[in-house]
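**Student:** I'm passing along query32.cif; it holds mmCIF, C-alpha atoms.
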data_upload
loop_
_atom_site.label_atom_id
_atom_site.label_comp_id
_atom_site.auth_asym_id
_atom_site.auth_seq_id
_atom_site.Cartn_x
_atom_site.Cartn_y
_atom_site.Cartn_z
CA MET A 92 63.49 -39.37 -34.25
CA SER A 93 64.96 -39.71 -30.75
CA THR A 94 68.68 -40.09 -30.15
CA THR A 95 69.73 -43.59 -29.10
CA THR A 96 72.39 -44.32 -26.50
CA LEU A 97 74.09 -47.67 -26.01
CA ILE A 98 75.31 -48.34 -22.47
CA THR A 99 77.72 -51.21 -22.94
CA ARG A 100 80.26 -53.28 -21.01
CA ILE A 101 77.86 -53.57 -18.07
CA GLY A 102 79.38 -56.13 -15.73
CA SER A 103 76.10 -57.11 -14.10
CA LEU A 104 72.69 -55.83 -15.21
CA VAL A 105 69.62 -56.04 -12.95
CA THR A 106 66.49 -56.02 -15.14
CA ASN A 107 63.87 -57.26 -12.63
CA ASP A 108 62.56 -59.37 -15.51
CA PRO A 109 62.69 -63.06 -14.55
CA GLY A 110 62.17 -63.98 -18.20
CA VAL A 111 65.72 -62.97 -19.14
CA GLY A 112 69.25 -63.60 -17.95
CA ASP A 113 69.61 -66.02 -15.06
CA GLY A 114 65.85 -66.47 -14.62
CA SER A 115 65.89 -65.12 -11.05
CA PRO A 116 63.47 -62.38 -9.92
CA LEU A 117 66.28 -59.90 -10.65
CA GLY A 118 66.72 -61.19 -14.21
CA LEU A 119 70.50 -60.76 -13.99
CA ILE A 120 72.46 -60.50 -17.23
CA GLN A 121 76.25 -60.62 -17.09
CA ASP A 122 78.37 -58.73 -19.66
CA ALA A 123 75.30 -56.81 -20.73
CA ALA A 124 74.19 -53.76 -22.64
CA VAL A 125 71.16 -51.46 -22.68
CA VAL A 126 69.92 -49.20 -25.47
CA VAL A 127 68.04 -46.05 -24.49
CA GLU A 128 65.87 -44.22 -27.02
CA GLY A 129 64.42 -40.94 -25.85
CA ASP A 130 63.04 -41.47 -22.35
CA ARG A 131 62.57 -45.24 -22.68
CA VAL A 132 64.54 -48.47 -22.69
CA ALA A 133 64.61 -49.79 -26.26
CA TRP A 134 66.74 -52.94 -25.96
CA VAL A 135 68.36 -55.11 -23.29
CA GLY A 136 70.68 -58.07 -23.71
CA PRO A 137 74.24 -59.39 -23.94
CA ALA A 138 76.78 -56.76 -24.94
CA ASP A 139 78.06 -58.80 -27.88
CA ARG A 140 74.58 -58.73 -29.45
CA ALA A 141 73.85 -55.04 -28.93
CA PRO A 142 72.57 -53.03 -31.89
CA ASP A 143 74.27 -49.86 -33.07
CA ALA A 144 73.29 -46.55 -31.49
CA ASP A 145 73.98 -42.86 -31.98
CA LEU A 146 75.97 -42.57 -28.77
CA VAL A 147 77.96 -45.07 -26.69
CA HIS A 148 78.53 -45.00 -22.94
CA ASP A 149 81.10 -47.40 -21.47
CA ALA A 150 80.04 -48.84 -18.10
CA GLU A 151 83.56 -50.24 -17.61
CA GLY A 152 82.36 -53.46 -16.02
CA ARG A 153 80.22 -51.81 -13.36
CA ALA A 154 76.74 -52.92 -12.26
CA LEU A 155 73.63 -51.22 -13.63
CA ILE A 156 70.37 -51.35 -11.68
CA PRO A 157 66.92 -49.79 -12.08
CA GLY A 158 66.51 -46.42 -10.42
CA PHE A 159 65.12 -46.78 -6.92
CA VAL A 160 61.38 -46.26 -6.44
CA ASP A 161 60.75 -44.53 -3.11
CA SER A 162 57.03 -45.06 -2.58
CA HIS A 163 56.74 -43.39 0.83
CA SER A 164 58.12 -39.99 1.82
CA HIS A 165 57.05 -36.74 3.48
CA LEU A 166 59.02 -33.97 1.77
CA VAL A 167 56.80 -30.88 1.95
CA PHE A 168 57.72 -29.41 5.31
CA ALA A 169 59.65 -26.69 7.08
CA GLY A 170 61.53 -26.59 10.35
CA ASP A 171 63.98 -28.84 12.13
CA ARG A 172 63.53 -31.55 14.77
CA THR A 173 67.14 -32.12 15.73
CA ALA A 174 66.31 -31.53 19.39
CA GLU A 175 63.63 -34.23 19.30
CA PHE A 176 66.05 -36.72 17.76
CA ASP A 177 68.70 -35.83 20.31
CA ALA A 178 66.22 -36.34 23.15
CA ARG A 179 65.01 -39.65 21.73
CA MET A 180 68.57 -40.93 21.43
CA SER A 181 68.95 -40.00 25.09
CA GLY A 182 66.18 -42.39 26.09
CA HIS A 183 62.85 -40.70 25.42
CA PRO A 184 60.44 -42.84 23.29
CA TYR A 185 59.06 -41.61 19.96
CA GLN A 186 55.37 -40.69 19.84
CA ALA A 187 53.26 -39.40 16.94
CA GLY A 188 52.75 -36.05 18.71
CA GLY A 189 56.13 -34.83 17.49
CA ILE A 190 54.46 -34.13 14.16
CA ARG A 191 52.88 -31.04 15.71
CA THR A 192 56.27 -29.32 15.80
CA THR A 193 56.61 -29.66 12.03
CA VAL A 194 52.99 -28.57 11.52
CA ALA A 195 53.69 -25.26 13.24
CA ALA A 196 56.83 -24.63 11.20
CA THR A 197 55.20 -25.64 7.93
CA ARG A 198 52.21 -23.38 8.44
CA ALA A 199 54.55 -20.46 9.12
CA ALA A 200 56.67 -21.07 6.01
CA GLY A 201 56.08 -19.47 2.63
CA ASP A 202 55.48 -21.40 -0.57
CA GLN A 203 58.98 -20.62 -1.85
CA GLU A 204 60.62 -22.08 1.26
CA LEU A 205 58.51 -25.24 1.11
CA GLU A 206 59.23 -25.77 -2.56
CA ALA A 207 62.96 -25.16 -2.11
CA ASN A 208 63.06 -27.79 0.64
CA LEU A 209 61.17 -30.28 -1.52
CA VAL A 210 63.49 -29.73 -4.48
CA ARG A 211 66.53 -30.12 -2.23
CA TYR A 212 65.43 -33.53 -0.97
CA VAL A 213 64.31 -34.80 -4.38
CA ARG A 214 67.71 -33.87 -5.80
CA GLU A 215 69.47 -35.41 -2.82
CA ALA A 216 67.58 -38.65 -3.42
CA LEU A 217 68.31 -38.54 -7.15
CA ARG A 218 72.05 -38.35 -6.49
CA GLN A 219 71.67 -41.61 -4.56
CA GLY A 220 69.83 -43.34 -7.38
CA THR A 221 66.17 -42.63 -6.61
CA THR A 222 64.35 -41.77 -9.82
CA THR A 223 60.72 -42.09 -8.67
CA VAL A 224 59.47 -40.40 -5.49
CA GLU A 225 56.07 -40.47 -3.85
CA THR A 226 55.43 -37.69 -1.35
CA LYS A 227 52.60 -36.62 0.90
CA SER A 228 50.93 -33.66 2.50
CA GLY A 229 50.21 -33.91 6.22
CA TYR A 230 52.13 -31.07 7.82
CA GLY A 231 49.58 -28.32 7.21
CA LEU A 232 46.34 -29.81 8.56
CA THR A 233 44.23 -26.88 7.35
CA VAL A 234 42.37 -26.76 4.06
CA ASP A 235 44.66 -24.12 2.58
CA ASP A 236 47.93 -25.57 3.91
CA GLU A 237 47.18 -29.11 2.77
CA ALA A 238 46.13 -27.92 -0.69
CA ARG A 239 49.25 -25.81 -1.15
CA ALA A 240 51.47 -28.72 -0.05
CA LEU A 241 49.96 -30.94 -2.71
CA ARG A 242 50.05 -28.20 -5.33
CA ILE A 243 53.77 -27.75 -4.69
CA ALA A 244 54.44 -31.50 -4.67
CA ALA A 245 52.56 -32.05 -7.93
CA ARG A 246 55.03 -29.79 -9.72
CA HIS A 247 57.82 -32.28 -8.97
CA THR A 248 56.28 -35.77 -8.96
CA ASP A 249 53.24 -37.56 -10.33
CA GLU A 250 53.01 -39.62 -7.13
CA VAL A 251 51.24 -37.24 -4.75
CA THR A 252 49.33 -38.38 -1.67
CA PHE A 253 46.71 -36.52 0.37
CA LEU A 254 47.49 -37.12 4.05
CA GLY A 255 45.28 -34.63 5.81
CA ALA A 256 44.68 -37.46 8.28
CA HIS A 257 48.28 -37.52 9.54
CA ILE A 258 47.29 -36.54 13.07
CA VAL A 259 44.29 -34.68 14.43
CA SER A 260 45.00 -31.01 13.88
CA PRO A 261 45.94 -29.16 17.06
CA ASP A 262 43.07 -26.81 16.21
CA PHE A 263 40.65 -29.72 16.77
CA ALA A 264 42.33 -31.36 19.75
CA ASP A 265 39.05 -31.38 21.68
CA ASP A 266 36.88 -32.48 18.76
CA PRO A 267 38.53 -35.18 16.61
CA ALA A 268 35.20 -36.02 14.95
CA ALA A 269 34.93 -32.50 13.62
CA TYR A 270 38.43 -32.76 12.18
CA VAL A 271 37.54 -36.01 10.40
CA ASP A 272 34.53 -34.17 8.96
CA LEU A 273 36.86 -31.43 7.72
CA VAL A 274 39.29 -33.93 6.18
CA THR A 275 36.55 -35.87 4.41
CA GLY A 276 34.73 -32.71 3.30
CA PRO A 277 36.22 -29.32 2.44
CA MET A 278 39.86 -30.44 2.77
CA LEU A 279 39.38 -33.41 0.46
CA ASP A 280 37.52 -31.24 -2.05
CA ALA A 281 40.43 -28.79 -2.14
CA CYS A 282 43.15 -31.44 -2.26
CA ALA A 283 41.81 -34.16 -4.55
CA PRO A 284 42.62 -32.32 -7.81
CA TYR A 285 46.34 -32.43 -6.97
CA ALA A 286 46.57 -36.00 -5.61
CA ARG A 287 46.58 -39.56 -6.89
CA TRP A 288 46.44 -41.23 -3.47
CA VAL A 289 44.67 -40.86 -0.10
CA ASP A 290 46.42 -41.97 3.09
CA VAL A 291 45.71 -42.08 6.82
CA PHE A 292 47.84 -42.71 9.92
CA CYS A 293 45.81 -45.50 11.53
CA GLU A 294 47.45 -45.62 14.94
CA LYS A 295 46.95 -44.91 18.63
CA GLY A 296 47.38 -41.17 19.03
CA ALA A 297 46.26 -40.55 15.46
CA PHE A 298 43.15 -42.16 13.87
CA ASP A 299 41.28 -45.30 14.90
CA GLY A 300 39.85 -47.87 12.51
CA ASP A 301 36.46 -46.21 12.06
CA GLN A 302 38.00 -42.80 11.46
CA ALA A 303 40.53 -44.26 9.03
CA ARG A 304 37.77 -46.03 7.11
CA ALA A 305 35.82 -42.78 6.80
CA VAL A 306 38.87 -40.95 5.44
CA LEU A 307 39.81 -43.64 2.95
CA THR A 308 36.31 -44.27 1.62
CA ALA A 309 35.74 -40.54 1.17
CA GLY A 310 38.97 -40.31 -0.80
CA MET A 311 38.03 -43.32 -2.90
CA ALA A 312 34.70 -41.68 -3.73
CA LYS A 313 36.72 -38.78 -5.16
CA GLY A 314 38.76 -41.15 -7.33
CA LEU A 315 41.85 -41.38 -5.08
CA VAL A 316 43.49 -44.75 -4.43
CA PRO A 317 44.06 -45.68 -0.77
CA ARG A 318 47.29 -46.40 1.06
CA VAL A 319 47.60 -46.72 4.83
CA HIS A 320 50.14 -45.97 7.56
CA ALA A 321 49.50 -49.25 9.37
CA ASN A 322 50.72 -51.07 12.47
CA GLN A 323 53.81 -48.99 13.13
CA LEU A 324 53.62 -48.31 16.85
CA SER A 325 51.04 -50.87 17.99
CA TYR A 326 48.91 -53.77 16.85
CA GLY A 327 45.75 -52.42 15.29
CA PRO A 328 43.25 -52.51 12.44
CA GLY A 329 45.36 -50.70 9.83
CA VAL A 330 46.62 -53.69 7.83
CA GLN A 331 43.25 -55.44 7.78
CA LEU A 332 41.55 -52.24 6.66
CA ALA A 333 44.12 -51.71 3.92
CA VAL A 334 43.58 -55.21 2.53
CA GLU A 335 39.80 -54.96 2.81
CA LEU A 336 39.70 -51.69 0.84
CA GLY A 337 42.22 -52.90 -1.75
CA ALA A 338 44.81 -50.32 -0.76
CA ALA A 339 47.92 -50.20 -2.91
CA SER A 340 50.11 -50.49 0.18
CA ALA A 341 50.11 -50.87 3.93
CA ASP A 342 53.15 -48.95 5.14
CA HIS A 343 55.32 -49.71 8.18
CA CYS A 344 53.85 -53.17 9.04
CA THR A 345 56.09 -53.39 12.10
CA LEU A 346 53.70 -55.11 14.53
CA LEU A 347 51.67 -57.81 12.77
CA THR A 348 49.51 -60.70 13.93
CA ASP A 349 49.41 -63.96 12.03
CA GLU A 350 46.02 -62.84 10.71
CA ASP A 351 47.56 -59.63 9.37
CA VAL A 352 50.25 -61.56 7.52
CA ALA A 353 47.70 -63.98 6.11
CA ALA A 354 45.51 -61.11 4.91
CA LEU A 355 48.43 -59.47 3.13
CA ALA A 356 49.42 -62.76 1.52
CA ALA A 357 45.88 -63.35 0.25
CA GLY A 358 45.32 -59.81 -1.02
CA THR A 359 46.93 -57.41 -3.47
CA THR A 360 48.17 -54.86 -0.93
CA VAL A 361 51.95 -54.41 -0.85
CA ALA A 362 53.64 -54.35 2.55
CA THR A 363 55.97 -51.33 2.43
CA LEU A 364 58.68 -51.52 5.06
CA LEU A 365 60.45 -48.38 6.24
CA PRO A 366 63.60 -49.36 8.14
CA GLY A 367 64.80 -45.77 8.44
CA ALA A 368 62.02 -45.21 10.96
CA GLU A 369 63.08 -48.13 13.14
CA PHE A 370 66.71 -47.04 12.90
CA SER A 371 65.86 -43.49 13.93
CA THR A 372 63.47 -44.42 16.73
CA ARG A 373 65.25 -47.54 18.06
CA ALA A 374 62.01 -49.44 17.57
CA GLN A 375 61.47 -53.10 16.75
CA TRP A 376 62.49 -54.00 13.20
CA PRO A 377 59.80 -55.19 10.79
CA ASP A 378 60.17 -58.91 10.09
CA ALA A 379 60.61 -58.95 6.34
CA ARG A 380 61.52 -62.65 6.37
CA ARG A 381 58.17 -63.54 7.88
CA LEU A 382 56.31 -61.60 5.20
CA LEU A 383 58.36 -62.90 2.29
CA ASP A 384 58.09 -66.52 3.43
CA ALA A 385 54.30 -66.07 3.58
CA GLY A 386 54.23 -64.86 -0.02
CA VAL A 387 53.61 -61.17 0.68
CA THR A 388 54.86 -58.61 -1.85
CA VAL A 389 57.29 -56.32 -0.02
CA ALA A 390 58.53 -52.84 -0.88
CA LEU A 391 61.30 -50.85 0.79
CA SER A 392 61.14 -47.07 1.14
CA THR A 393 62.82 -44.32 3.12
CA ASP A 394 59.88 -42.66 4.91
CA CYS A 395 62.00 -39.53 4.58
CA ASN A 396 60.54 -37.04 7.06
CA PRO A 397 61.96 -34.57 9.59
CA GLY A 398 60.89 -36.43 12.71
CA SER A 399 61.23 -40.19 12.59
CA SER A 400 63.31 -41.05 9.49
CA PHE A 401 65.31 -38.13 8.15
CA THR A 402 67.09 -40.03 5.39
CA SER A 403 66.62 -39.93 1.63
CA SER A 404 69.01 -42.84 1.07
CA MET A 405 67.53 -45.98 -0.42
CA PRO A 406 70.96 -47.71 -0.34
CA PHE A 407 71.02 -47.14 3.42
CA CYS A 408 67.56 -48.70 3.77
CA ILE A 409 68.67 -51.68 1.67
CA ALA A 410 71.63 -52.24 3.99
CA LEU A 411 69.37 -52.06 7.07
CA ALA A 412 66.88 -54.49 5.54
CA VAL A 413 69.62 -57.02 4.83
CA ARG A 414 71.38 -56.63 8.16
CA ASP A 415 68.39 -56.40 10.51
CA MET A 416 65.19 -57.51 8.74
CA GLY A 417 66.12 -60.89 7.31
CA MET A 418 66.22 -59.96 3.63
CA THR A 419 68.78 -61.22 1.15
CA PRO A 420 70.63 -58.62 -0.95
CA ASP A 421 68.59 -59.70 -3.99
CA GLU A 422 65.27 -59.37 -2.14
CA ALA A 423 66.17 -55.97 -0.73
CA LEU A 424 67.12 -54.56 -4.12
CA TRP A 425 63.98 -55.95 -5.77
CA SER A 426 61.85 -54.44 -3.00
CA ALA A 427 63.54 -51.03 -3.39
CA THR A 428 62.91 -51.00 -7.14
CA ALA A 429 60.21 -53.31 -8.51
CA GLY A 430 58.56 -53.58 -5.09
CA GLY A 431 58.23 -49.82 -4.84
CA ALA A 432 56.78 -49.77 -8.32
CA ARG A 433 54.20 -52.38 -7.27
CA ALA A 434 53.30 -50.20 -4.28
CA LEU A 435 52.62 -47.36 -6.74
CA ARG A 436 50.88 -49.68 -9.19
CA ARG A 437 53.42 -48.89 -11.88
CA ASN A 438 55.06 -51.19 -14.42
CA ASP A 439 56.96 -48.48 -16.29
CA VAL A 440 59.49 -47.90 -13.50
CA GLY A 441 61.54 -50.20 -11.26
CA ARG A 442 62.56 -52.42 -14.18
CA ILE A 443 65.02 -52.25 -17.07
CA VAL A 444 62.94 -53.72 -19.87
CA PRO A 445 61.95 -52.45 -23.32
CA GLY A 446 59.19 -49.88 -23.00
CA ALA A 447 59.93 -48.91 -19.39
CA TYR A 448 61.29 -45.49 -18.53
CA ALA A 449 65.06 -45.31 -18.82
CA ASP A 450 65.55 -44.79 -15.08
CA LEU A 451 68.97 -46.24 -14.36
CA ALA A 452 71.65 -46.17 -11.68
CA LEU A 453 75.24 -47.16 -12.41
CA LEU A 454 77.13 -48.41 -9.38
CA ASP A 455 80.81 -47.99 -8.71
CA ALA A 456 80.89 -51.72 -7.99
CA PRO A 457 80.72 -54.98 -9.95
CA SER A 458 77.51 -56.18 -8.31
CA HIS A 459 74.34 -54.85 -6.66
CA VAL A 460 75.31 -56.89 -3.57
CA HIS A 461 77.78 -54.13 -2.72
CA LEU A 462 74.84 -51.91 -1.71
CA SER A 463 74.57 -53.95 1.48
CA TYR A 464 78.14 -55.28 1.50
CA ARG A 465 79.56 -51.73 1.67
CA PRO A 466 76.99 -49.78 3.70
CA GLY A 467 77.37 -46.04 3.86
CA VAL A 468 79.62 -45.86 0.81
CA PRO A 469 78.29 -43.62 -2.02
CA LEU A 470 78.29 -46.31 -4.70
CA VAL A 471 75.83 -44.69 -7.12
CA SER A 472 78.15 -43.02 -9.62
CA GLU A 473 75.77 -42.08 -12.47
CA VAL A 474 72.01 -41.74 -12.75
CA TRP A 475 69.65 -41.46 -15.71
CA ARG A 476 66.07 -40.35 -15.20
CA HIS A 477 63.74 -40.72 -18.18
CA GLY A 478 66.81 -41.17 -20.36
CA VAL A 479 68.55 -37.99 -19.20
CA ARG A 480 71.76 -38.14 -17.18
CA ALA A 481 71.21 -36.36 -13.89
#
Written as C-alpha cells, that's how I'd like the structure from this file.

**Tutor:**
Amino acid sequence: MSTTTLITRIGSLVTNDPGVGDGSPLGLIQDAAVVVEGDRVAWVGPADRAPDADLVHDAEGRALIPGFVDSHSHLVFAGDRTAEFDARMSGHPYQAGGIRTTVAATRAAGDQELEANLVRYVREALRQGTTTVETKSGYGLTVDDEARALRIAARHTDEVTFLGAHIVSPDFADDPAAYVDLVTGPMLDACAPYARWVDVFCEKGAFDGDQARAVLTAGMAKGLVPRVHANQLSYGPGVQLAVELGAASADHCTLLTDEDVAALAAGTTVATLLPGAEFSTRAQWPDARRLLDAGVTVALSTDCNPGSSFTSSMPFCIALAVRDMGMTPDEALWSATAGGARALRRNDVGRIVPGAYADLALLDAPSHVHLSYRPGVPLVSEVWRHGVRA
C-alpha cells in the first residue's frame, strides 16, 4: 500500500475544478488540505476535514497550485544564439532562417551532449514549477538526426512531437518539394515510433498551407495527432488548417483574422500563446483578451528554444500575459496549467483533483496572484512531480 502524505494549512488552493471551493474556474479553496497517495491526489478539501495520513507537510499558509503544463518547447538542441539575440535587440528583425544556425550545431553534437542539454532545461523548468513538458524535434532535419532527437526526448517526457517540418532543410534549399517528400516518407517512418504528435511551422519562409497539410495528414495516417505553429509572423492558413484537421493546438496565434478567431471558437483546437517569443523578438503581442471573449480555450507556454524564446519560466510567461496580453491573473494561471493540459489532451495533469497526478507547486506567497504581482521573483518554493518532492 502506498504511503499517504497530508499537505495541510494551505492558505489558498487552486484545484482548477469549478465544482469545488468558490465555484470559479480555478476552484479556489481557502484554508485547504490535499492528501497524496503514491503518485496521485487522493483527497482535496478544507483543512479541518482532512483525513489522517502517514506523513504531514505544513504549507504554513502558502498557496498551492497545480504544476505548470508547458505544452510547447524545443529542448533538443546544441549551440548558442546569443549573437543573434544581441543583433535583434540592436534593431534587426527576427526571421525563421535563424533556425539554420541551431541545425548546424545540433547535427554536429553527440547524443550525450544533446541529452545533457535536454535534462538541464527540464530540471530548470521543474525548479520553477513545471511538471509536464512537451518538446519537439526540428533541429536535425535529416532522417537520422530527427529520429535521434525524438529518441532522446522520449526518455524524459511522454509528450514528444515530430517537427521535421520546422524549416526546409538547408540540404534541400533548391527543392522544397523533395524535402516535404522526405518528411512525409522516410523521416516520418523513422520518427513516428518515438512521437505522439506531428507539427509543422506553417509560415512564410517555412511551409505553405498545402505543404503543411501534406505533413500533417501523413503524420495522422501514422497515428500521430496534429498541432500547428500557426500565424506567428504573418496572417496565413495555419489556424484554419489546424481547426479543419482537429489539431490539438494552434500555437502562437499572434496575427489572427476575425475568421480565424471564429474558427477557433467553434472548434476544439486550443490556442496556445507563447509570450516569451514576442518578448524576445519585440513582436506584436497576441491578443488573449480577444480570444477569451470569443470563447476560445487558451493555453500559455514558454516556447523555450535557443533562438526566439530562450526561457523555461512559466511564471515569467504568466506575468507577460497579464501585463501585455489582456489576461487576468486567474485566466493566466488556468491557461498555464489546465489550458496546457487541454492542449495536450490530458485530464490527469493541470488540476489538483482526486485521481490526477500529484503534480504540485507550493508558492512562497499567500495567493497565485503573486505570480504576476511580483514578476521575476522565484516564488515557487517546493515542487512535487507524481507525488515525489523534486

**Student:** Which is closer to A:Gly431 than all the others in A:Glu250, A:Asp455, A:Asp290, A:Asp161, using only C-alpha atoms?

**Tutor:**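 When distances to A:Gly431 are compared using only C-alpha atoms, the smallest one comes from A:Asp161.
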
**Student:** List, as a PyMOL selection string, every residue that the PyMOL selection byres ((chain A and resi 229) around 6) selects in the file provided.

**Tutor:** chain A and resi 228+230-231+254-255+257

**Student:** Would you pick out the contacts of stretch 394-402 of chain A at 6 Å or less, using all atoms listed in the file, so that residues sharing its chain but fewer than 6 positions from it are not included, and give the list as a list in words?

**Tutor:**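 My reading of the contact set: His163, Ser164, His165, Arg172, Leu365, Gly367, Ala368 and Ser371 of chain A.
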
**Student:** What lies within 12 Å of A:Phe298 using all atoms listed in the file, ignoring chain neighbours under 2 positions off, as a PDB file with C-alpha atoms, in the coordinates of the input?

**Tutor:**
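Saved the output as part-v2.pdb:
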ATOM      1  CA  ALA A 187      53.260 -39.400  16.940  1.00  0.00           C
ATOM      2  CA  LEU A 254      47.490 -37.120   4.050  1.00  0.00           C
ATOM      3  CA  GLY A 255      45.280 -34.630   5.810  1.00  0.00           C
ATOM      4  CA  ALA A 256      44.680 -37.460   8.280  1.00  0.00           C
ATOM      5  CA  HIS A 257      48.280 -37.520   9.540  1.00  0.00           C
ATOM      6  CA  ILE A 258      47.290 -36.540  13.070  1.00  0.00           C
ATOM      7  CA  VAL A 259      44.290 -34.680  14.430  1.00  0.00           C
ATOM      8  CA  SER A 260      45.000 -31.010  13.880  1.00  0.00           C
ATOM      9  CA  PRO A 267      38.530 -35.180  16.610  1.00  0.00           C
ATOM     10  CA  ALA A 268      35.200 -36.020  14.950  1.00  0.00           C
ATOM     11  CA  TYR A 270      38.430 -32.760  12.180  1.00  0.00           C
ATOM     12  CA  VAL A 271      37.540 -36.010  10.400  1.00  0.00           C
ATOM     13  CA  VAL A 274      39.290 -33.930   6.180  1.00  0.00           C
ATOM     14  CA  ASP A 290      46.420 -41.970   3.090  1.00  0.00           C
ATOM     15  CA  VAL A 291      45.710 -42.080   6.820  1.00  0.00           C
ATOM     16  CA  PHE A 292      47.840 -42.710   9.920  1.00  0.00           C
ATOM     17  CA  CYS A 293      45.810 -45.500  11.530  1.00  0.00           C
ATOM     18  CA  GLU A 294      47.450 -45.620  14.940  1.00  0.00           C
ATOM     19  CA  LYS A 295      46.950 -44.910  18.630  1.00  0.00           C
ATOM     20  CA  GLY A 296      47.380 -41.170  19.030  1.00  0.00           C
ATOM     21  CA  GLY A 300      39.850 -47.870  12.510  1.00  0.00           C
ATOM     22  CA  ASP A 301      36.460 -46.210  12.060  1.00  0.00           C
ATOM     23  CA  GLN A 302      38.000 -42.800  11.460  1.00  0.00           C
ATOM     24  CA  ALA A 303      40.530 -44.260   9.030  1.00  0.00           C
ATOM     25  CA  ARG A 304      37.770 -46.030   7.110  1.00  0.00           C
ATOM     26  CA  ALA A 305      35.820 -42.780   6.800  1.00  0.00           C
ATOM     27  CA  VAL A 306      38.870 -40.950   5.440  1.00  0.00           C
ATOM     28  CA  LEU A 307      39.810 -43.640   2.950  1.00  0.00           C
ATOM     29  CA  VAL A 319      47.600 -46.720   4.830  1.00  0.00           C
ATOM     30  CA  HIS A 320      50.140 -45.970   7.560  1.00  0.00           C
ATOM     31  CA  ALA A 321      49.500 -49.250   9.370  1.00  0.00           C
ATOM     32  CA  ASN A 322      50.720 -51.070  12.470  1.00  0.00           C
ATOM     33  CA  GLY A 327      45.750 -52.420  15.290  1.00  0.00           C
ATOM     34  CA  PRO A 328      43.250 -52.510  12.440  1.00  0.00           C
ATOM     35  CA  GLY A 329      45.360 -50.700   9.830  1.00  0.00           C
TER      36      GLY A 329
END

**Student:** Would you translate the PyMOL selection byres ((chain A and resi 190-198) around 6) into the concrete set of residues it matches in this file, as number ranges by chain?

**Tutor:** A: 168-170, 188-189, 199-200, 230-231

**Student:** Between A:Ser162, A:Thr248, A:Thr99, A:Ser181, which is the closest to A:Met405 once you count all atoms listed in the file?

**Tutor:**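 With all atoms listed in the file as the atom set, the closest residue is A:Ser162.
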
**Student:** Between A:Pro366, A:Gly358, A:Ala452, A:Asp384, single out the one closest to A:Ala412, counting only C-alpha atoms.

**Tutor:**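 Between A:Pro366, A:Gly358, A:Ala452, A:Asp384, the residue approaching A:Ala412 most closely is A:Pro366.
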
**Student:** Edge lengths and centre in Å to one decimal, as lines of an AutoDock Vina configuration file, of the axis-aligned box that encloses all listed atoms of stretch 350-362 of chain A with 8 Å added on every side?

**Tutor:**
center_x = 49.5
center_y = -59.2
center_z = 3.6
size_x = 24.3
size_y = 25.6
size_z = 30.2

**Student:** Could you jot down the atom CA of A:His461 to atom CA of A:Ile409 separation for me, Å, one decimal place?

**Tutor:**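 Atom CA of A:Ile409 lies at a distance of 10.4 Å from atom CA of A:His461.
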
**Student:** One decimal, in Å: what's the spacing between atom CA of A:Met278 and atom CA of A:Gly310?

**Tutor:** 10.5 Å

**Student:** Between A:Gly114, A:Met92, A:Val479, A:Ser103, which is the closest to A:Asp145 once you count all atoms listed in the file?

**Tutor:** A:Met92

**Student:** Residue by residue, what does the PyMOL selection byres ((chain A and resi 451) around 12) grab here? Present the result as a ChimeraX atom specification.

**Tutor:** /A:98,104-106,125-127,130-132,150,154-160,217-223,428,440-444,447-450,452-454,471-481

**Student:** Just checking: using all atoms listed in the file, which residue out of A:Val234, A:Cys344, A:Ala174, A:Met311 ends up closest to A:Ser325?

**Tutor:** A:Cys344

**Student:** Can you list, as number ranges by chain, every protein, DNA or RNA residue that comes within 12 Å of A:Ala357 when you count all atoms listed in the file, leaving out same-chain residues fewer than 4 positions away?

**Tutor:** A: 331, 334-335, 337, 350-353, 361, 382, 385-388

**Student:** Work out how far atom CA of A:Thr252 is from atom CA of A:Thr226, in Å to one decimal.

**Tutor:**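 Between these atoms lies a distance of 6.1 Å.
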
**Student:** Which residue is closest to A:Glu422? Choose from A:Ala133, A:Val460, A:Ala281, A:Leu347 and count all atoms listed in the file.

**Tutor:** A:Val460

**Student:** Can you write out as CSV which residues of stretch 234-340 of chain A fall within 8 Å of stretch 203-214 of chain A, alongside each residue's closest atom pair and its distance in Å to one decimal, counting all atoms listed in the file and ordering rows by chain and ascending residue number?

**Tutor:**
residue,atom,partner,partner_atom,distance
A:Ala240,CA,A:Leu205,CA,7.9
A:Ile243,CA,A:Glu206,CA,6.2
A:Ala244,CA,A:Leu209,CA,7.5
A:His247,CA,A:Val210,CA,7.7

**Student:** Within 8 Å of A:Pro466, counting only C-alpha atoms, which residues show up once you throw out same-chain ones fewer than 4 positions away? Write them as a list in words, please.

**Tutor:**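 My list of contacting residues is Pro406, Phe407, Ala410, His461 and Leu462 of chain A.
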
**Student:** Write out as a ChimeraX atom specification each polymer residue whose atoms come within 9 Å of A:Asp262, counting only C-alpha atoms; drop sequence neighbours fewer than 4 positions from it.

**Tutor:** /A:232-233,266,270
